[in-house]
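J.: Just passing along the structure, written as structure tokens.
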Amino acid sequence: MRCMFCENPATVHLTEQVNGTKREVHLCERCARERKLLPHPPGPPINLKALLNLLTLTFRGQPAAAAPPTRCPSCGLTPAAFKAEGRLGCGADYELFREALEPLLERVHRATRHAGKCPARVRAATRAARIEALREQMRVAIAEENYEAAAAARDAIRALEAEGITG
Amino acid sequence: MNLDNLLPNLGEWLRGVGPDSDAVVSTRIRLARNLVDFPFTNRASVPQKAEIVSRAREAIARAGLPYQLDYHDIPAMPSLDRQFLVERQLISRELAAVLDGPRGVAFDAQESVSVMINEEDHLRLQVLRSGFALEDAWADVDRLDDALESRLPYAYHSQFGYLTACPTNVGTGMRASVLLHLPALGLTKQIEKVFRSLQKINLAVRGLHGEGSRAFGDLYQISNQVTLGKSEPQILAEIKEVILTILQYERHARAVLLKERKQGEQDRVARALGTLGSATMITAEETMELLSIVRLGIHLHLIEDVPATVVNQLFIQTQAAHLQKLVGHPLDGEERNAARAKYLKTRLRELGTPKS
């Protein structure tokens, strides 16, 4: 990898998450020093302001981040209103404002994925999809005369179906 | 149901029984749920809110629950009654006085189960239990949730879980709170240390009336902050472990008090009872502080003639809306303080002159 400013090999790699957007900076040691990103030993610690300046620039070949949505078509929430109120307006906003939400969720919950209860209808739909995928696996296995794999898929289907009956 | 019929009752959370009731007043679990196809309450129009109320009421009526939930319309309710329900922990301050438009609450005669409609989220299901009973409360609220879910399609996302208006509730939508009475930790100045360590592990500490309320009478509410990334039983197990540790500290502090300054404690309890029984003006805050001392005295067996349930009764009946209902007419601040003192004096006299 080459330095973003000159043609020397990049030896300094910095990554930063800003509003859910990952930005990377690759520089050679000299360019990094010139931009005060590396301390002159025993110099001052890394210059955060300079780093942020770099991260918010767009570099050659790197596309600008996708424009954030301006207004939810279903509830009318704008990014500004979300920022001001801290409340979402409808379920669709979770998709629409995902970029802004995920870092926030990470900070509040240290997680971005649900791991608890789920409605019965969602459970049933997930199960149906898994059974369908296993059926397909079984068909392929039979066509390939891989009867061991076919039997394993059949057993897995039966187990899922039994789970559906007992709830 | 006439709300005034509730007045002489204690309500589930103040029954004063249940596991670890020497230091745990009550356990509460609430689930935040929203209906799919409607904007959240803050962006819903009045007709949409009315439709949400009607769908939720129908689902509650047909859910085949083992108890009956009676619906109460909030906008039609006098403000004194709303305040009364806030004091009984059946509705939030927001539902009572901050939010507007069609909204209400359905709760059972035991005051153990309540469903708020059009609070910050379309539905806030709540189960209250006296004592330390996280598992039982979870089993109850989980069952209620299942029963309603089969009739009301909830807003659910495969990654984010149950969707809520505030991202701090998303995922499980669950807030489990345990109301603790920790007078000995307060007295021995260890309480701050306990709370600092709680904040480090992401549990919140609040006063009795939730966010922003001060902790009066050594009552503290401990609840989970995290709702995403962990299952409900996992979150409950984490809270349980922490509460058990706090209970150990509190009981240890009580034992030390009893050993090192029994005489002094006995005196404090007697003085607290004396003030409660003879004041002619008393604020709600002072009442709570004094009742806290009496409650500790009961659990340390320093007094025998005041049952713990009476402390709970005095505690709830001396709150502003309860007091005004008892008296039968509105009272301003000064009048309330006089009426409160009079009520306390009468009730304590009924118990006979307390000996210490």
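Chains: A, B, ... in order of the structure tokens. Residues: from 1 per chain. Ligands: from 1, in order shown.
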Write out as an MDAnalysis selection string which residues come within 9 Å of Met138 of chain A when counting only C-alpha atoms, dropping same-chain ones fewer than 4 positions away.
T.: chainID A and resid 133:134 142:143 147 149:154
J.: Residues of the last selection are to be written out with N, CA and C atoms, as a tab-separated table (two decimals), in the first residue's frame.
T.:
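Saved as selection-v1.tsv:
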```tsv
chain	number	residue	atom	x	y	z
A	133	ALA	N	-34.66	-24.43	3.69
A	133	ALA	CA	-33.25	-24.54	3.29
A	133	ALA	C	-32.74	-25.97	3.45
A	134	LEU	N	-33.16	-26.64	4.53
A	134	LEU	CA	-32.74	-28.02	4.76
A	134	LEU	C	-33.32	-28.97	3.71
A	142	ILE	N	-29.50	-36.00	-2.14
A	142	ILE	CA	-30.05	-37.22	-2.77
A	142	ILE	C	-29.58	-37.30	-4.22
A	143	ALA	N	-29.65	-36.14	-4.93
A	143	ALA	CA	-29.23	-36.12	-6.33
A	143	ALA	C	-27.76	-36.55	-6.46
A	147	TYR	N	-26.16	-40.12	0.75
A	147	TYR	CA	-27.31	-40.47	1.60
A	147	TYR	C	-27.09	-40.13	3.07
A	149	ALA	N	-25.58	-37.40	4.21
A	149	ALA	CA	-25.93	-35.99	4.36
A	149	ALA	C	-27.45	-35.82	4.26
A	150	ALA	N	-28.08	-36.57	3.37
A	150	ALA	CA	-29.54	-36.48	3.20
A	150	ALA	C	-30.24	-36.88	4.49
A	151	ALA	N	-29.75	-37.95	5.13
A	151	ALA	CA	-30.37	-38.42	6.38
A	151	ALA	C	-30.19	-37.38	7.49
A	152	ALA	N	-29.00	-36.75	7.52
A	152	ALA	CA	-28.74	-35.73	8.54
A	152	ALA	C	-29.71	-34.56	8.36
A	153	ALA	N	-29.91	-34.14	7.10
A	153	ALA	CA	-30.83	-33.04	6.82
A	153	ALA	C	-32.25	-33.43	7.22
A	154	ARG	N	-32.64	-34.68	6.91
A	154	ARG	CA	-33.99	-35.16	7.25
A	154	ARG	C	-34.21	-35.11	8.76
```
J.: Pick out the residues sitting within 12 Å of Phe82 of chain A, and hand them over as an MDAnalysis selection string; count only C-alpha atoms, and ignore anything fewer than 3 positions along from it in its own chain.
T.: (chainID A and resid 69:72 75:79 85:90 93:94 96:97 100:101) or (chainID B and resid 42:43 165:167)
J.: Set the distance at 9 Å and use only C-alpha atoms: which residues neighbour His13 of chain A once local chain neighbours fewer than 4 positions away are removed? I'd like the list as a list of chain:residue names.
T.: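 Returned residues: A:Glu24, A:Val25, A:His26, A:Leu27, A:Cys28.
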J.: What are the nearest atom pairs, with distances in Å to one decimal, for all residues of chain B that come at most 6 Å from chain A, using only C-alpha atoms, set out by chain and rising residue number as JSON lines?
T.:
```
{"residue": "B:Pro39", "atom": "CA", "partner": "A:Cys90", "partner_atom": "CA", "distance": 4.4}
{"residue": "B:Phe40", "atom": "CA", "partner": "A:Cys90", "partner_atom": "CA", "distance": 5.0}
{"residue": "B:Arg43", "atom": "CA", "partner": "A:Gly89", "partner_atom": "CA", "distance": 5.6}
{"residue": "B:Gln159", "atom": "CA", "partner": "A:Arg113", "partner_atom": "CA", "distance": 5.2}
{"residue": "B:Phe160", "atom": "CA", "partner": "A:His114", "partner_atom": "CA", "distance": 5.1}
{"residue": "B:Gly161", "atom": "CA", "partner": "A:His114", "partner_atom": "CA", "distance": 5.1}
{"residue": "B:Ala165", "atom": "CA", "partner": "A:Leu88", "partner_atom": "CA", "distance": 5.0}
{"residue": "B:Cys166", "atom": "CA", "partner": "A:Arg87", "partner_atom": "CA", "distance": 4.8}
{"residue": "B:Gly171", "atom": "CA", "partner": "A:His114", "partner_atom": "CA", "distance": 5.1}
{"residue": "B:Thr172", "atom": "CA", "partner": "A:Gly116", "partner_atom": "CA", "distance": 6.0}
{"residue": "B:Val226", "atom": "CA", "partner": "A:His109", "partner_atom": "CA", "distance": 5.0}
{"residue": "B:Leu228", "atom": "CA", "partner": "A:His114", "partner_atom": "CA", "distance": 5.2}
{"residue": "B:Gly229", "atom": "CA", "partner": "A:His114", "partner_atom": "CA", "distance": 4.7}
{"residue": "B:Lys230", "atom": "CA", "partner": "A:Ala115", "partner_atom": "CA", "distance": 5.1}
{"residue": "B:Ser231", "atom": "CA", "partner": "A:Gly116", "partner_atom": "CA", "distance": 3.8}
{"residue": "B:Glu232", "atom": "CA", "partner": "A:Gly116", "partner_atom": "CA", "distance": 5.8}
```
J.: Fewer than 2 positions away in the same chain doesn't count, so skip those; otherwise give me all residues within 9 Å of segment 127-132 of chain A, counting only C-alpha atoms, as an MDAnalysis selection string.
T.: chainID A and resid 122:125 134:137 156:158 160:161 163:164
J.: Got time to write the residues from that selection, N, CA and C atoms, as a PDB file, in the first residue's frame?
T.:
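Saved result, again06.pdb, follows:
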```
ATOM      1  N   VAL A 122     -42.475 -14.508  14.476  1.00  0.00           N
ATOM      2  CA  VAL A 122     -41.131 -14.380  13.905  1.00  0.00           C
ATOM      3  C   VAL A 122     -40.380 -15.701  14.058  1.00  0.00           C
ATOM      4  N   ARG A 123     -40.537 -16.319  15.246  1.00  0.00           N
ATOM      5  CA  ARG A 123     -39.902 -17.619  15.486  1.00  0.00           C
ATOM      6  C   ARG A 123     -40.377 -18.634  14.462  1.00  0.00           C
ATOM      7  N   ALA A 124     -41.689 -18.646  14.201  1.00  0.00           N
ATOM      8  CA  ALA A 124     -42.262 -19.619  13.265  1.00  0.00           C
ATOM      9  C   ALA A 124     -41.734 -19.369  11.859  1.00  0.00           C
ATOM     10  N   ALA A 125     -41.647 -18.087  11.465  1.00  0.00           N
ATOM     11  CA  ALA A 125     -41.174 -17.757  10.119  1.00  0.00           C
ATOM     12  C   ALA A 125     -39.714 -18.156   9.946  1.00  0.00           C
ATOM     13  N   LEU A 134     -33.161 -26.640   4.527  1.00  0.00           N
ATOM     14  CA  LEU A 134     -32.742 -28.025   4.762  1.00  0.00           C
ATOM     15  C   LEU A 134     -33.318 -28.970   3.709  1.00  0.00           C
ATOM     16  N   ARG A 135     -34.575 -28.709   3.297  1.00  0.00           N
ATOM     17  CA  ARG A 135     -35.190 -29.534   2.249  1.00  0.00           C
ATOM     18  C   ARG A 135     -34.369 -29.455   0.967  1.00  0.00           C
ATOM     19  N   GLU A 136     -33.943 -28.228   0.661  1.00  0.00           N
ATOM     20  CA  GLU A 136     -33.147 -28.027  -0.538  1.00  0.00           C
ATOM     21  C   GLU A 136     -31.829 -28.803  -0.417  1.00  0.00           C
ATOM     22  N   GLN A 137     -31.199 -28.703   0.769  1.00  0.00           N
ATOM     23  CA  GLN A 137     -29.962 -29.456   1.024  1.00  0.00           C
ATOM     24  C   GLN A 137     -30.193 -30.949   0.817  1.00  0.00           C
ATOM     25  N   ALA A 156     -32.683 -33.224  10.920  1.00  0.00           N
ATOM     26  CA  ALA A 156     -32.737 -31.828  11.365  1.00  0.00           C
ATOM     27  C   ALA A 156     -34.123 -31.231  11.082  1.00  0.00           C
ATOM     28  N   ILE A 157     -34.702 -31.591   9.905  1.00  0.00           N
ATOM     29  CA  ILE A 157     -36.046 -31.107   9.565  1.00  0.00           C
ATOM     30  C   ILE A 157     -37.058 -31.623  10.580  1.00  0.00           C
ATOM     31  N   ARG A 158     -36.949 -32.912  10.906  1.00  0.00           N
ATOM     32  CA  ARG A 158     -37.897 -33.509  11.869  1.00  0.00           C
ATOM     33  C   ARG A 158     -37.803 -32.826  13.232  1.00  0.00           C
ATOM     34  N   LEU A 160     -36.837 -29.750  13.855  1.00  0.00           N
ATOM     35  CA  LEU A 160     -37.425 -28.408  13.762  1.00  0.00           C
ATOM     36  C   LEU A 160     -38.942 -28.470  13.746  1.00  0.00           C
ATOM     37  N   GLU A 161     -39.480 -29.492  13.022  1.00  0.00           N
ATOM     38  CA  GLU A 161     -40.937 -29.617  12.954  1.00  0.00           C
ATOM     39  C   GLU A 161     -41.522 -29.961  14.321  1.00  0.00           C
ATOM     40  N   GLU A 163     -40.266 -29.141  17.170  1.00  0.00           N
ATOM     41  CA  GLU A 163     -40.147 -27.908  17.950  1.00  0.00           C
ATOM     42  C   GLU A 163     -41.348 -26.996  17.687  1.00  0.00           C
ATOM     43  N   GLY A 164     -41.768 -26.975  16.409  1.00  0.00           N
ATOM     44  CA  GLY A 164     -42.907 -26.151  16.029  1.00  0.00           C
ATOM     45  C   GLY A 164     -44.193 -26.622  16.683  1.00  0.00           C
TER      46      GLY A 164
END
```
J.: For segment 338-346 of chain B, find every residue with an atom within 6 Å (counting only C-alpha atoms), except residues of its own chain fewer than 6 positions away, and show them as a CSV table (one decimal) with C-alpha atoms, in the first residue's frame.
T.:
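Writing done, so here's result.csv:
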```
chain,number,residue,atom,x,y,z
B,277,GLY,CA,-47.2,10.8,66.7
B,279,ALA,CA,-46.1,16.7,65.2
B,280,THR,CA,-48.8,19.1,64.1
B,281,MET,CA,-47.2,19.9,60.8
B,282,ILE,CA,-45.1,17.5,58.8
B,318,THR,CA,-49.4,10.3,53.7
```
J.: Would you mind telling me which residue in B:Leu99, B:Val36, B:Leu144, B:Val127 lies nearest to Arg62 of chain B when using only C-alpha atoms?
T.: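 The closest residue to Arg62 of chain B is B:Leu144.
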J.: How far is it from atom CA of Asn169 of chain B to atom CA of Phe107 of chain B, in Å with one decimal?
T.: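 Going from atom CA of Asn169 of chain B over to atom CA of Phe107 of chain B, I get 22.6 Å.
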J.: For each of B:Arg151, B:Arg143, B:Arg82, B:Arg175, take the minimum atom-to-atom distance to Leu35 of chain B, counting only C-alpha atoms, then give the residue where this is smallest.
T.: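 Nearest to Leu35 of chain B: B:Arg151.
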J.: Step one, run DSSP on the backbone; step two, keep only residues of segment 175-344 of chain B assigned to strand (DSSP E); then write them as a ChimeraX atom specification.
T.: /B:175-181,203-206,219-224
